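Pasted below: upload.cif, mmCIF, C-alpha atoms (C1' of nucleotides).
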data_final
loop_
_atom_site.group_PDB
_atom_site.id
_atom_site.type_symbol
_atom_site.label_atom_id
_atom_site.label_comp_id
_atom_site.auth_asym_id
_atom_site.auth_seq_id
_atom_site.Cartn_x
_atom_site.Cartn_y
_atom_site.Cartn_z
ATOM 1 C CA MET A 10 -6.079 31.754 -39.018
ATOM 2 C CA LEU A 11 -2.508 31.210 -37.895
ATOM 3 C CA GLN A 12 -2.351 33.431 -34.882
ATOM 4 C CA THR A 13 -1.163 33.166 -31.325
ATOM 5 C CA THR A 14 -3.863 34.097 -28.854
ATOM 6 C CA ILE A 15 -3.224 36.875 -26.428
ATOM 7 C CA GLU A 16 -5.090 37.385 -23.188
ATOM 8 C CA MET A 17 -7.235 40.462 -22.673
ATOM 9 C CA ASP A 18 -5.134 41.814 -19.819
ATOM 10 C CA LYS A 19 -1.951 41.433 -21.841
ATOM 11 C CA SER A 20 -3.462 43.057 -24.914
ATOM 12 C CA ALA A 21 -4.785 45.970 -22.858
ATOM 13 C CA GLU A 22 -1.272 46.402 -21.485
ATOM 14 C CA ILE A 23 0.163 46.461 -25.018
ATOM 15 C CA PHE A 24 -2.487 48.894 -26.221
ATOM 16 C CA LYS A 25 -1.708 51.163 -23.298
ATOM 17 C CA LEU A 26 1.959 51.245 -24.277
ATOM 18 C CA LEU A 27 1.015 51.966 -27.872
ATOM 19 C CA GLY A 28 -1.438 54.639 -26.723
ATOM 20 C CA ASN A 29 1.271 57.267 -26.831
ATOM 21 C CA GLU A 30 2.156 58.773 -30.181
ATOM 22 C CA THR A 31 5.890 58.893 -29.484
ATOM 23 C CA ARG A 32 6.107 55.231 -28.476
ATOM 24 C CA LEU A 33 3.794 54.135 -31.263
ATOM 25 C CA THR A 34 5.831 55.965 -33.908
ATOM 26 C CA MET A 35 9.061 54.649 -32.400
ATOM 27 C CA LEU A 36 7.868 51.085 -32.811
ATOM 28 C CA LYS A 37 6.716 51.711 -36.350
ATOM 29 C CA ILE A 38 10.104 53.177 -37.216
ATOM 30 C CA LEU A 39 11.912 50.272 -35.530
ATOM 31 C CA ASP A 40 9.795 47.905 -37.576
ATOM 32 C CA ASP A 41 11.878 49.115 -40.542
ATOM 33 C CA HIS A 42 15.292 50.067 -39.152
ATOM 34 C CA ASP A 43 17.280 49.893 -35.958
ATOM 35 C CA CYS A 44 17.608 53.281 -34.308
ATOM 36 C CA CYS A 45 19.594 54.869 -31.559
ATOM 37 C CA VAL A 46 18.401 57.272 -28.902
ATOM 38 C CA CYS A 47 19.908 60.397 -30.399
ATOM 39 C CA GLU A 48 18.078 59.766 -33.664
ATOM 40 C CA PHE A 49 14.791 59.554 -31.831
ATOM 41 C CA VAL A 50 15.657 62.728 -29.946
ATOM 42 C CA GLU A 51 16.019 64.513 -33.277
ATOM 43 C CA ILE A 52 12.984 62.918 -34.929
ATOM 44 C CA PHE A 53 10.642 63.738 -32.073
ATOM 45 C CA LYS A 54 12.249 67.028 -31.035
ATOM 46 C CA ALA A 55 12.144 65.681 -27.505
ATOM 47 C CA SER A 56 14.616 65.665 -24.627
ATOM 48 C CA GLN A 57 17.012 62.759 -24.279
ATOM 49 C CA PRO A 58 15.643 61.614 -20.891
ATOM 50 C CA SER A 59 12.113 61.716 -22.235
ATOM 51 C CA ILE A 60 13.068 59.468 -25.165
ATOM 52 C CA SER A 61 15.045 57.144 -22.900
ATOM 53 C CA GLN A 62 12.066 56.793 -20.614
ATOM 54 C CA HIS A 63 9.739 55.896 -23.464
ATOM 55 C CA ILE A 64 12.212 53.333 -24.745
ATOM 56 C CA ARG A 65 12.520 51.868 -21.293
ATOM 57 C CA LYS A 66 8.818 51.097 -21.192
ATOM 58 C CA LEU A 67 9.061 49.298 -24.506
ATOM 59 C CA ARG A 68 12.147 47.445 -23.328
ATOM 60 C CA ASP A 69 10.762 46.544 -19.896
ATOM 61 C CA ILE A 70 7.931 44.606 -21.499
ATOM 62 C CA GLY A 71 10.315 43.032 -23.987
ATOM 63 C CA LEU A 72 9.064 44.641 -27.200
ATOM 64 C CA VAL A 73 12.467 46.053 -28.107
ATOM 65 C CA LYS A 74 16.015 44.937 -27.473
ATOM 66 C CA GLU A 75 19.196 46.951 -27.232
ATOM 67 C CA GLU A 76 22.686 46.486 -28.623
ATOM 68 C CA ARG A 77 25.629 48.723 -27.970
ATOM 69 C CA ARG A 78 27.651 49.750 -31.011
ATOM 70 C CA GLY A 79 30.546 51.839 -29.857
ATOM 71 C CA GLN A 80 29.248 55.039 -28.397
ATOM 72 C CA TRP A 81 25.677 54.366 -29.353
ATOM 73 C CA ILE A 82 23.025 51.996 -28.159
ATOM 74 C CA PHE A 83 20.828 50.786 -30.967
ATOM 75 C CA TYR A 84 17.334 49.567 -30.386
ATOM 76 C CA SER A 85 15.412 47.114 -32.525
ATOM 77 C CA ILE A 86 12.188 45.167 -32.470
ATOM 78 C CA ASN A 87 12.539 42.003 -30.412
ATOM 79 C CA GLU A 88 11.247 39.331 -32.749
ATOM 80 C CA TYR A 89 11.381 36.753 -29.979
ATOM 81 C CA SER A 90 8.964 38.611 -27.737
ATOM 82 C CA GLU A 91 5.820 36.648 -26.924
ATOM 83 C CA PHE A 92 3.944 39.738 -28.148
ATOM 84 C CA TYR A 93 5.760 40.032 -31.443
ATOM 85 C CA PRO A 94 3.103 38.262 -33.549
ATOM 86 C CA PHE A 95 0.515 40.555 -31.999
ATOM 87 C CA ILE A 96 2.257 43.906 -32.369
ATOM 88 C CA ILE A 97 3.437 43.179 -35.886
ATOM 89 C CA GLN A 98 -0.189 42.912 -36.930
ATOM 90 C CA LEU A 99 -0.956 46.190 -35.197
ATOM 91 C CA LEU A 100 1.978 47.951 -36.826
ATOM 92 C CA ASN A 101 0.865 46.692 -40.218
ATOM 93 C CA LEU A 102 -2.301 48.753 -39.848
ATOM 94 C CA LEU A 103 -0.302 51.977 -39.512
ATOM 95 C CA PRO A 104 1.084 54.270 -42.199
ATOM 96 C CA GLN A 105 4.783 53.997 -43.045
ATOM 97 C CA GLN A 106 7.077 56.307 -41.070
ATOM 98 C CA ASN A 107 10.289 55.815 -43.024
ATOM 99 C CA GLU A 108 10.341 59.365 -44.334
ATOM 100 C CA LYS A 109 11.354 60.356 -40.791
ATOM 101 C CA LEU A 110 14.631 58.483 -41.065
ATOM 102 C CA LYS A 111 15.080 59.675 -44.652
ATOM 103 C CA GLU A 112 14.993 63.259 -43.397
ATOM 104 C CA LEU A 113 17.853 62.486 -41.013
ATOM 105 C CA GLU A 114 19.844 60.993 -43.871
ATOM 106 C CA LEU A 115 19.291 64.078 -45.996
ATOM 107 C CA LYS A 116 20.386 66.287 -43.133
ATOM 108 C CA GLY A 117 23.369 64.007 -42.586
ATOM 109 C CA THR A 118 22.453 63.313 -38.973
ATOM 110 C CA ARG A 119 21.625 59.650 -39.439
ATOM 111 C CA VAL A 120 23.990 57.678 -37.234
ATOM 112 C CA GLN A 121 25.976 55.140 -39.199
ATOM 113 C CA CYS A 122 28.262 52.790 -37.371
ATOM 114 C CA GLU A 123 29.453 49.408 -38.514
ATOM 115 C CA MET B 2 -4.699 45.886 -49.301
ATOM 116 C CA LEU B 3 -8.134 47.422 -48.965
ATOM 117 C CA GLN B 4 -7.707 49.498 -45.905
ATOM 118 C CA THR B 5 -8.396 53.041 -44.847
ATOM 119 C CA THR B 6 -5.304 54.778 -43.572
ATOM 120 C CA ILE B 7 -5.331 56.222 -40.118
ATOM 121 C CA GLU B 8 -3.004 58.922 -38.901
ATOM 122 C CA MET B 9 -0.526 58.201 -36.139
ATOM 123 C CA ASP B 10 -2.084 60.659 -33.706
ATOM 124 C CA LYS B 11 -5.527 59.171 -34.230
ATOM 125 C CA SER B 12 -4.302 55.619 -33.849
ATOM 126 C CA ALA B 13 -2.419 56.485 -30.674
ATOM 127 C CA GLU B 14 -5.652 57.979 -29.359
ATOM 128 C CA ILE B 15 -7.544 54.779 -30.188
ATOM 129 C CA PHE B 16 -4.863 52.597 -28.637
ATOM 130 C CA LYS B 17 -4.997 54.688 -25.501
ATOM 131 C CA LEU B 18 -8.744 54.113 -25.210
ATOM 132 C CA LEU B 19 -8.239 50.390 -25.771
ATOM 133 C CA GLY B 20 -5.415 50.356 -23.248
ATOM 134 C CA ASN B 21 -7.849 49.708 -20.442
ATOM 135 C CA GLU B 22 -9.012 46.146 -19.923
ATOM 136 C CA THR B 23 -12.585 47.130 -19.105
ATOM 137 C CA ARG B 24 -13.032 49.286 -22.210
ATOM 138 C CA LEU B 25 -11.228 46.789 -24.410
ATOM 139 C CA THR B 26 -13.413 43.912 -23.233
ATOM 140 C CA MET B 27 -16.537 46.070 -23.567
ATOM 141 C CA LEU B 28 -15.750 46.722 -27.216
ATOM 142 C CA LYS B 29 -15.014 43.067 -27.879
ATOM 143 C CA ILE B 30 -18.355 42.109 -26.311
ATOM 144 C CA LEU B 31 -20.184 44.824 -28.272
ATOM 145 C CA ASP B 32 -18.593 43.453 -31.422
ATOM 146 C CA ASP B 33 -20.935 40.483 -30.909
ATOM 147 C CA HIS B 34 -24.022 41.829 -29.146
ATOM 148 C CA ASP B 35 -25.571 45.086 -28.065
ATOM 149 C CA CYS B 36 -25.354 45.569 -24.323
ATOM 150 C CA CYS B 37 -26.786 47.851 -21.685
ATOM 151 C CA VAL B 38 -24.997 49.449 -18.772
ATOM 152 C CA CYS B 39 -26.389 47.153 -16.084
ATOM 153 C CA GLU B 40 -25.095 44.122 -17.943
ATOM 154 C CA PHE B 41 -21.613 45.590 -18.016
ATOM 155 C CA VAL B 42 -21.920 46.421 -14.329
ATOM 156 C CA GLU B 43 -22.556 42.743 -13.639
ATOM 157 C CA ILE B 44 -19.942 41.412 -16.044
ATOM 158 C CA PHE B 45 -17.156 43.595 -14.710
ATOM 159 C CA LYS B 46 -18.274 43.683 -11.070
ATOM 160 C CA ALA B 47 -17.832 47.443 -11.255
ATOM 161 C CA SER B 48 -19.886 50.397 -10.034
ATOM 162 C CA GLN B 49 -22.500 51.896 -12.351
ATOM 163 C CA PRO B 50 -20.792 55.314 -12.579
ATOM 164 C CA SER B 51 -17.481 53.671 -13.355
ATOM 165 C CA ILE B 52 -19.028 51.727 -16.244
ATOM 166 C CA SER B 53 -20.898 54.812 -17.486
ATOM 167 C CA GLN B 54 -17.690 56.795 -17.511
ATOM 168 C CA HIS B 55 -15.867 54.159 -19.531
ATOM 169 C CA ILE B 56 -18.719 54.016 -22.018
ATOM 170 C CA ARG B 57 -18.685 57.777 -22.285
ATOM 171 C CA LYS B 58 -15.097 57.755 -23.473
ATOM 172 C CA LEU B 59 -15.956 55.233 -26.156
ATOM 173 C CA ARG B 60 -19.019 57.240 -27.116
ATOM 174 C CA ASP B 61 -17.277 60.630 -27.111
ATOM 175 C CA ILE B 62 -14.898 59.472 -29.805
ATOM 176 C CA GLY B 63 -17.728 57.872 -31.738
ATOM 177 C CA LEU B 64 -16.777 54.210 -31.373
ATOM 178 C CA VAL B 65 -20.119 53.225 -29.869
ATOM 179 C CA LYS B 66 -23.639 54.546 -30.262
ATOM 180 C CA GLU B 67 -26.555 54.441 -27.869
ATOM 181 C CA GLU B 68 -30.204 53.630 -28.284
ATOM 182 C CA ARG B 69 -32.814 53.809 -25.586
ATOM 183 C CA ARG B 70 -35.122 50.796 -25.322
ATOM 184 C CA GLY B 71 -37.626 51.512 -22.587
ATOM 185 C CA GLN B 72 -35.869 51.722 -19.290
ATOM 186 C CA TRP B 73 -32.547 50.669 -20.696
ATOM 187 C CA ILE B 74 -29.979 52.315 -22.907
ATOM 188 C CA PHE B 75 -28.311 49.848 -25.208
ATOM 189 C CA TYR B 76 -24.885 50.437 -26.630
ATOM 190 C CA SER B 77 -23.530 49.023 -29.840
ATOM 191 C CA ILE B 78 -20.518 49.377 -32.107
ATOM 192 C CA ASN B 79 -20.896 52.382 -34.398
ATOM 193 C CA GLU B 80 -20.205 50.917 -37.801
ATOM 194 C CA TYR B 81 -20.221 54.369 -39.353
ATOM 195 C CA SER B 82 -17.348 55.641 -37.233
ATOM 196 C CA GLU B 83 -14.328 56.735 -39.244
ATOM 197 C CA PHE B 84 -12.360 54.389 -36.981
ATOM 198 C CA TYR B 85 -14.565 51.357 -37.471
ATOM 199 C CA PRO B 86 -12.389 49.709 -40.146
ATOM 200 C CA PHE B 87 -9.417 50.164 -37.855
ATOM 201 C CA ILE B 88 -10.868 48.914 -34.583
ATOM 202 C CA ILE B 89 -12.569 45.945 -36.192
ATOM 203 C CA GLN B 90 -9.160 44.684 -37.252
ATOM 204 C CA LEU B 91 -7.848 45.187 -33.748
ATOM 205 C CA LEU B 92 -10.792 43.376 -32.201
ATOM 206 C CA ASN B 93 -10.281 40.466 -34.587
ATOM 207 C CA LEU B 94 -6.916 39.840 -32.967
ATOM 208 C CA LEU B 95 -8.504 39.319 -29.551
ATOM 209 C CA PRO B 96 -10.020 36.185 -28.039
ATOM 210 C CA GLN B 97 -13.814 35.847 -28.051
ATOM 211 C CA GLN B 98 -15.572 37.174 -24.971
ATOM 212 C CA ASN B 99 -19.036 35.806 -25.591
ATOM 213 C CA GLU B 100 -18.937 33.452 -22.632
ATOM 214 C CA LYS B 101 -19.353 36.547 -20.478
ATOM 215 C CA LEU B 102 -22.809 37.227 -21.890
ATOM 216 C CA LYS B 103 -23.631 33.525 -21.827
ATOM 217 C CA GLU B 104 -23.040 33.527 -18.088
ATOM 218 C CA LEU B 105 -25.602 36.296 -17.688
ATOM 219 C CA GLU B 106 -28.081 34.291 -19.725
ATOM 220 C CA LEU B 107 -27.547 31.245 -17.546
ATOM 221 C CA LYS B 108 -28.037 33.321 -14.420
ATOM 222 C CA GLY B 109 -31.127 34.861 -16.024
ATOM 223 C CA THR B 110 -29.791 38.391 -15.664
ATOM 224 C CA ARG B 111 -29.378 39.089 -19.362
ATOM 225 C CA VAL B 112 -31.623 42.027 -20.212
ATOM 226 C CA GLN B 113 -34.080 41.195 -22.938
ATOM 227 C CA CYS B 114 -36.353 43.870 -24.285
ATOM 228 C CA GLU B 115 -38.090 43.977 -27.590
ATOM 229 C "C1'" DT C 11 44.457 61.123 -18.745
ATOM 230 C "C1'" DA C 12 41.102 64.916 -19.503
ATOM 231 C "C1'" DT C 13 37.190 66.207 -22.196
ATOM 232 C "C1'" DA C 14 33.320 65.313 -25.016
ATOM 233 C "C1'" DT C 15 29.464 62.443 -26.463
ATOM 234 C "C1'" DA C 16 25.654 59.080 -25.732
ATOM 235 C "C1'" DT C 17 22.761 57.159 -22.669
ATOM 236 C "C1'" DA C 18 20.355 55.756 -18.245
ATOM 237 C "C1'" DT C 19 18.288 56.823 -14.151
ATOM 238 C "C1'" DA C 20 16.555 59.357 -10.097
ATOM 239 C "C1'" DA C 21 13.817 63.051 -8.099
ATOM 240 C "C1'" DG C 22 10.285 66.355 -8.456
ATOM 241 C "C1'" DC C 23 6.097 68.159 -10.372
ATOM 242 C "C1'" DA C 24 1.902 69.113 -13.186
ATOM 243 C "C1'" DA C 25 -1.556 66.939 -15.765
ATOM 244 C "C1'" DA C 26 -4.352 63.032 -16.814
ATOM 245 C "C1'" DT C 27 -6.787 58.928 -15.309
ATOM 246 C "C1'" DA C 28 -9.980 56.044 -12.903
ATOM 247 C "C1'" DA C 29 -12.241 55.231 -9.050
ATOM 248 C "C1'" DT C 30 -15.852 56.727 -5.339
ATOM 249 C "C1'" DT C 31 -19.754 59.279 -3.484
ATOM 250 C "C1'" DA C 32 -23.581 62.194 -4.248
ATOM 251 C "C1'" DT C 33 -27.110 63.740 -7.040
ATOM 252 C "C1'" DA C 34 -30.041 64.524 -11.196
ATOM 253 C "C1'" DT C 35 -32.880 62.760 -15.033
ATOM 254 C "C1'" DA C 36 -35.815 59.552 -17.561
ATOM 255 C "C1'" DC C 37 -38.698 55.845 -17.765
ATOM 256 C "C1'" DT C 38 -41.790 52.064 -15.627
ATOM 257 C "C1'" DT C 39 -45.099 50.351 -12.716
ATOM 258 C "C1'" DA C 40 -48.140 50.051 -8.729
ATOM 259 C "C1'" DT D 6 -48.986 60.325 -8.919
ATOM 260 C "C1'" DA D 7 -45.524 58.067 -5.970
ATOM 261 C "C1'" DA D 8 -41.901 54.690 -5.770
ATOM 262 C "C1'" DG D 9 -38.551 51.991 -8.047
ATOM 263 C "C1'" DT D 10 -35.149 51.102 -11.721
ATOM 264 C "C1'" DA D 11 -31.586 52.516 -15.115
ATOM 265 C "C1'" DT D 12 -28.497 55.766 -16.344
ATOM 266 C "C1'" DA D 13 -25.669 60.162 -16.598
ATOM 267 C "C1'" DT D 14 -23.001 63.484 -14.582
ATOM 268 C "C1'" DA D 15 -20.541 66.328 -11.134
ATOM 269 C "C1'" DA D 16 -17.266 66.658 -7.411
ATOM 270 C "C1'" DT D 17 -13.604 64.655 -4.940
ATOM 271 C "C1'" DT D 18 -9.524 61.928 -4.388
ATOM 272 C "C1'" DA D 19 -5.703 58.636 -5.091
ATOM 273 C "C1'" DT D 20 -2.834 56.954 -8.556
ATOM 274 C "C1'" DT D 21 -0.433 57.051 -12.837
ATOM 275 C "C1'" DT D 22 1.818 59.339 -16.489
ATOM 276 C "C1'" DG D 23 5.124 62.103 -18.810
ATOM 277 C "C1'" DC D 24 7.752 65.760 -18.579
ATOM 278 C "C1'" DT D 25 11.906 68.499 -16.563
ATOM 279 C "C1'" DT D 26 16.235 68.987 -14.134
ATOM 280 C "C1'" DA D 27 20.139 66.892 -12.122
ATOM 281 C "C1'" DT D 28 23.393 63.426 -12.072
ATOM 282 C "C1'" DA D 29 25.834 59.003 -13.031
ATOM 283 C "C1'" DT D 30 27.996 55.736 -16.262
ATOM 284 C "C1'" DA D 31 30.202 54.136 -20.483
ATOM 285 C "C1'" DT D 32 32.681 54.987 -24.532
ATOM 286 C "C1'" DA D 33 35.525 57.882 -27.796
ATOM 287 C "C1'" DT D 34 38.964 61.071 -28.740
ATOM 288 C "C1'" DA D 35 42.437 64.693 -28.194
#

Let me see the structure of the file written as structure tokens.
Amino acid sequence: MLQTTIEMDKSAEIFKLLGNETRLTMLKILDDHDCCVCEFVEIFKASQPSISQHIRKLRDIGLVKEERRGQWIFYSINEYSEFYPFIIQLLNLLPQQNEKLKELELKGTRVQCE
Amino acid sequence: MLQTTIEMDKSAEIFKLLGNETRLTMLKILDDHDCCVCEFVEIFKASQPSISQHIRKLRDIGLVKEERRGQWIFYSINEYSEFYPFIIQLLNLLPQQNEKLKELELKGTRVQCE
DNA sequence: TATATATATAAGCAAATAATTATATACTTA
DNA sequence: TAAGTATATAATTATTTGCTTATATATATA
């Protein structure tokens, strides 16, 4: 099986991060599309600081990376993270979440910039 | 892909439980062998109530089942749990932990009863 | 340049978590 | 039956988590 090993302490740390429905869903969404903070705010009906703080935890451990595009900061999965091979397998076990972004598009609140 | 779907809230709940190194390692060990509380106490160098409380969380959600054998209560993976297909795939991503039980056998503190 | 928008971060607080200590229960054995 | 062993559970406490509110920074636009 082609698979990088991950230590138990590291995997527990990853599971802990994923043990929050907001962060878990965020990652699953990012697995499909880049997203900016305000989109997450709308998707999760949460406050902007709350979303920012969740993202920070994902960023601090290197799971996501950020990229400013004009006014917005877009987040995406960091494919170069040492944990990427691990989390991608976890995310593959979860149901698709792309209808969440589709809803934003229908409402016209999906942020497009480029 | 033959795979039972799991809702996001349920999976976040599972990840949260697995987001503790003691519980995660317990499950990985139980994936191989039944174990009793005193063995975990020795493996993790933890207090008996602390181990019991971790096991309780795994048991409350149905991931493990218990079976009394004389003086001891042995725990094992509950293969009939609705989450079994999910956690087994998670556990397969983790490194083997069977050397932990082997150490007990070498020291002669592995509990044998039947 | 002033105002608005998007985001990050700090401080404060309530709830959840994980440990410890103390105690109760069940079984085994002398 | 009394003492010892294995385990569960309750109470307490320190720490962590995740939210809110307040504020700062960066960019866009009028």

Please, can I see chain B fitted onto chain A by all in-order Cα atoms (least squares), as a compact mmCIF listing (two decimals) with C-alpha atoms, keeping the file's coordinate frame?
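Written file, out10.txt:
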# COMPACT_ATOMS: atom_id res chain seq x y z
CA MET B 2 -6.09 31.64 -38.93
CA LEU B 3 -2.51 31.13 -37.85
CA GLN B 4 -2.31 33.38 -34.89
CA THR B 5 -1.14 33.16 -31.32
CA THR B 6 -3.85 34.10 -28.87
CA ILE B 7 -3.21 36.88 -26.44
CA GLU B 8 -5.08 37.38 -23.21
CA MET B 9 -7.22 40.45 -22.70
CA ASP B 10 -5.11 41.79 -19.84
CA LYS B 11 -1.93 41.45 -21.87
CA SER B 12 -3.44 43.07 -24.93
CA ALA B 13 -4.78 45.96 -22.88
CA GLU B 14 -1.27 46.41 -21.51
CA ILE B 15 0.17 46.48 -25.03
CA PHE B 16 -2.48 48.90 -26.24
CA LYS B 17 -1.72 51.17 -23.32
CA LEU B 18 1.96 51.26 -24.28
CA LEU B 19 1.02 51.99 -27.89
CA GLY B 20 -1.43 54.65 -26.76
CA ASN B 21 1.28 57.26 -26.83
CA GLU B 22 2.15 58.79 -30.18
CA THR B 23 5.88 58.90 -29.49
CA ARG B 24 6.11 55.24 -28.48
CA LEU B 25 3.79 54.15 -31.26
CA THR B 26 5.82 55.98 -33.91
CA MET B 27 9.07 54.66 -32.40
CA LEU B 28 7.87 51.09 -32.81
CA LYS B 29 6.69 51.72 -36.36
CA ILE B 30 10.10 53.18 -37.23
CA LEU B 31 11.91 50.28 -35.53
CA ASP B 32 9.78 47.92 -37.58
CA ASP B 33 11.87 49.13 -40.53
CA HIS B 34 15.28 50.06 -39.14
CA ASP B 35 17.28 49.87 -35.95
CA CYS B 36 17.61 53.26 -34.31
CA CYS B 37 19.60 54.87 -31.54
CA VAL B 38 18.39 57.27 -28.89
CA CYS B 39 19.90 60.40 -30.41
CA GLU B 40 18.08 59.76 -33.66
CA PHE B 41 14.78 59.55 -31.83
CA VAL B 42 15.66 62.72 -29.95
CA GLU B 43 16.02 64.50 -33.28
CA ILE B 44 12.98 62.92 -34.92
CA PHE B 45 10.63 63.74 -32.08
CA LYS B 46 12.23 67.03 -31.02
CA ALA B 47 12.14 65.68 -27.48
CA SER B 48 14.62 65.68 -24.60
CA GLN B 49 17.04 62.76 -24.26
CA PRO B 50 15.66 61.60 -20.88
CA SER B 51 12.13 61.72 -22.22
CA ILE B 52 13.07 59.48 -25.15
CA SER B 53 15.05 57.14 -22.89
CA GLN B 54 12.08 56.78 -20.59
CA HIS B 55 9.75 55.91 -23.45
CA ILE B 56 12.21 53.34 -24.74
CA ARG B 57 12.51 51.87 -21.28
CA LYS B 58 8.81 51.11 -21.18
CA LEU B 59 9.05 49.32 -24.50
CA ARG B 60 12.14 47.47 -23.33
CA ASP B 61 10.75 46.54 -19.90
CA ILE B 62 7.93 44.61 -21.50
CA GLY B 63 10.30 43.04 -23.99
CA LEU B 64 9.06 44.66 -27.19
CA VAL B 65 12.46 46.07 -28.11
CA LYS B 66 16.00 44.93 -27.47
CA GLU B 67 19.19 46.94 -27.22
CA GLU B 68 22.65 46.46 -28.61
CA ARG B 69 25.61 48.69 -27.96
CA ARG B 70 27.62 49.69 -31.03
CA GLY B 71 30.53 51.79 -29.85
CA GLN B 72 29.26 54.99 -28.39
CA TRP B 73 25.70 54.33 -29.37
CA ILE B 74 23.03 51.97 -28.15
CA PHE B 75 20.83 50.76 -30.96
CA TYR B 76 17.32 49.56 -30.38
CA SER B 77 15.41 47.13 -32.52
CA ILE B 78 12.17 45.17 -32.48
CA ASN B 79 12.53 42.00 -30.41
CA GLU B 80 11.25 39.34 -32.75
CA TYR B 81 11.39 36.76 -29.98
CA SER B 82 8.97 38.62 -27.74
CA GLU B 83 5.83 36.67 -26.92
CA PHE B 84 3.96 39.75 -28.16
CA TYR B 85 5.77 40.05 -31.46
CA PRO B 86 3.10 38.28 -33.54
CA PHE B 87 0.53 40.57 -32.00
CA ILE B 88 2.28 43.92 -32.36
CA ILE B 89 3.44 43.20 -35.89
CA GLN B 90 -0.18 42.94 -36.94
CA LEU B 91 -0.96 46.20 -35.20
CA LEU B 92 1.98 47.96 -36.83
CA ASN B 93 0.87 46.70 -40.24
CA LEU B 94 -2.30 48.76 -39.87
CA LEU B 95 -0.32 51.99 -39.51
CA PRO B 96 1.07 54.28 -42.20
CA GLN B 97 4.78 54.01 -43.04
CA GLN B 98 7.06 56.31 -41.08
CA ASN B 99 10.25 55.84 -43.03
CA GLU B 100 10.32 59.39 -44.32
CA LYS B 101 11.33 60.38 -40.79
CA LEU B 102 14.61 58.50 -41.06
CA LYS B 103 15.07 59.67 -44.64
CA GLU B 104 14.99 63.25 -43.40
CA LEU B 105 17.84 62.48 -41.02
CA GLU B 106 19.81 60.97 -43.87
CA LEU B 107 19.28 64.06 -45.99
CA LYS B 108 20.39 66.29 -43.14
CA GLY B 109 23.37 63.98 -42.60
CA THR B 110 22.45 63.31 -38.99
CA ARG B 111 21.61 59.64 -39.42
CA VAL B 112 24.00 57.67 -37.22
CA GLN B 113 25.97 55.14 -39.19
CA CYS B 114 28.30 52.79 -37.39
CA GLU B 115 29.57 49.47 -38.55

(message) When the PyMOL selection byres ((chain D) within 12 of (chain B)) is applied to the structure above, which residues does it catch, written out as a count of residues only?
(response) 7

(message) as an MDAnalysis selection string, could you give me every residue of chain A near chain B (at most 12 Å apart, counting only C-alpha atoms)?
(response) chainID A and resid 10:38 92 94:106

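Between CA of Asp33 in chain B and CA of Asn79 in chain B lies a distance of 12.4 Å.
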
(request) Check the smallest atom-to-atom distance from each of B:Lys101, B:Arg70, B:Glu43, B:Ile56 to chain C using only C-alpha atoms (C1' of nucleotides), then report the winner. (result)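 Checking each candidate against chain C, we get B:Arg70 as the closest.
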
(request) Please write as a list in words the full residue list that the PyMOL selection byres ((chain C) within 12 of (chain A)) yields on this file. (result)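 Output from the PyMOL selection byres ((chain C) within 12 of (chain A)), applied to this file: DA14, DT15, DA16, DT17, DA18, DT19 and DA20 of chain C.
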
(request) Would you mind reading off the distance between CA of Asn99 in chain B and CA of Asp32 in chain B, one decimal, in Å? (result)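 A separation of 9.6 Å between them.
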
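We find CA of Val42 in chain B and CA of Leu105 in chain B to be spaced 11.3 Å apart.
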
(request) Spell out the residues picked by the PyMOL selection byres ((chain D and resi 7) around 9) here, as number ranges by chain. (result) C: 40; D: 6, 8

(request) Within 10 Å of (13.2, 62.9, -7.1) (coordinates as in the file), grab all the protein and nucleic acid residues, counting all atoms listed in the file, and write them out as a VMD selection string. (result) (chain C and resid 20 to 23) or (chain D and resid 26 to 27)

Report as a PDB file with C-alpha atoms (C1' of nucleotides), in the coordinates of the input all protein, DNA and RNA residues lying within 9 Å of DT27 in chain C, evaluated on all atoms listed in the file, omitting residues in the same chain fewer than 3 positions from it.
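Writing the result to out-v5.pdb gives the following:
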ATOM      1  C1'  DT D  20      -2.834  56.954  -8.556  1.00  0.00           C
ATOM      2  C1'  DT D  21      -0.433  57.051 -12.837  1.00  0.00           C
ATOM      3  C1'  DT D  22       1.818  59.339 -16.489  1.00  0.00           C
TER       4       DT D  22
END

(message) Need the shell around Asp35 in chain B: protein/DNA/RNA residues with any atom at most 6 Å away, counting all atoms listed in the file. Skip same-chain ones fewer than 4 positions apart. Format as an NGL selection string?
(response) :B and (31 or 76-77)

(request) Using only C-alpha atoms (C1' of nucleotides), collect all residues at a distance of at most 9 Å from (-20.0, 53.8, -33.1) as written in the file, then present them as an MDAnalysis selection string. (result) chainID B and resid 59:60 62:67 76:85

(message) Would you pick out the contacts of DT18 in chain D at 12 Å or less, using all atoms listed in the file, so that residues sharing its chain but fewer than 6 positions from it are not included, and give the list as a ChimeraX atom specification?
(response) /C:27-31

Set up a box along x, y and z of the file covering all listed atoms of range 85-103 of chain B, add 3 Å on every one of the six sides, and write the centre and edge lengths in Å to one decimal, as AutoDock Vina command-line options.
--center_x -15.3 --center_y 42.4 --center_z -30.3 --size_x 22.7 --size_y 23.9 --size_z 25.7
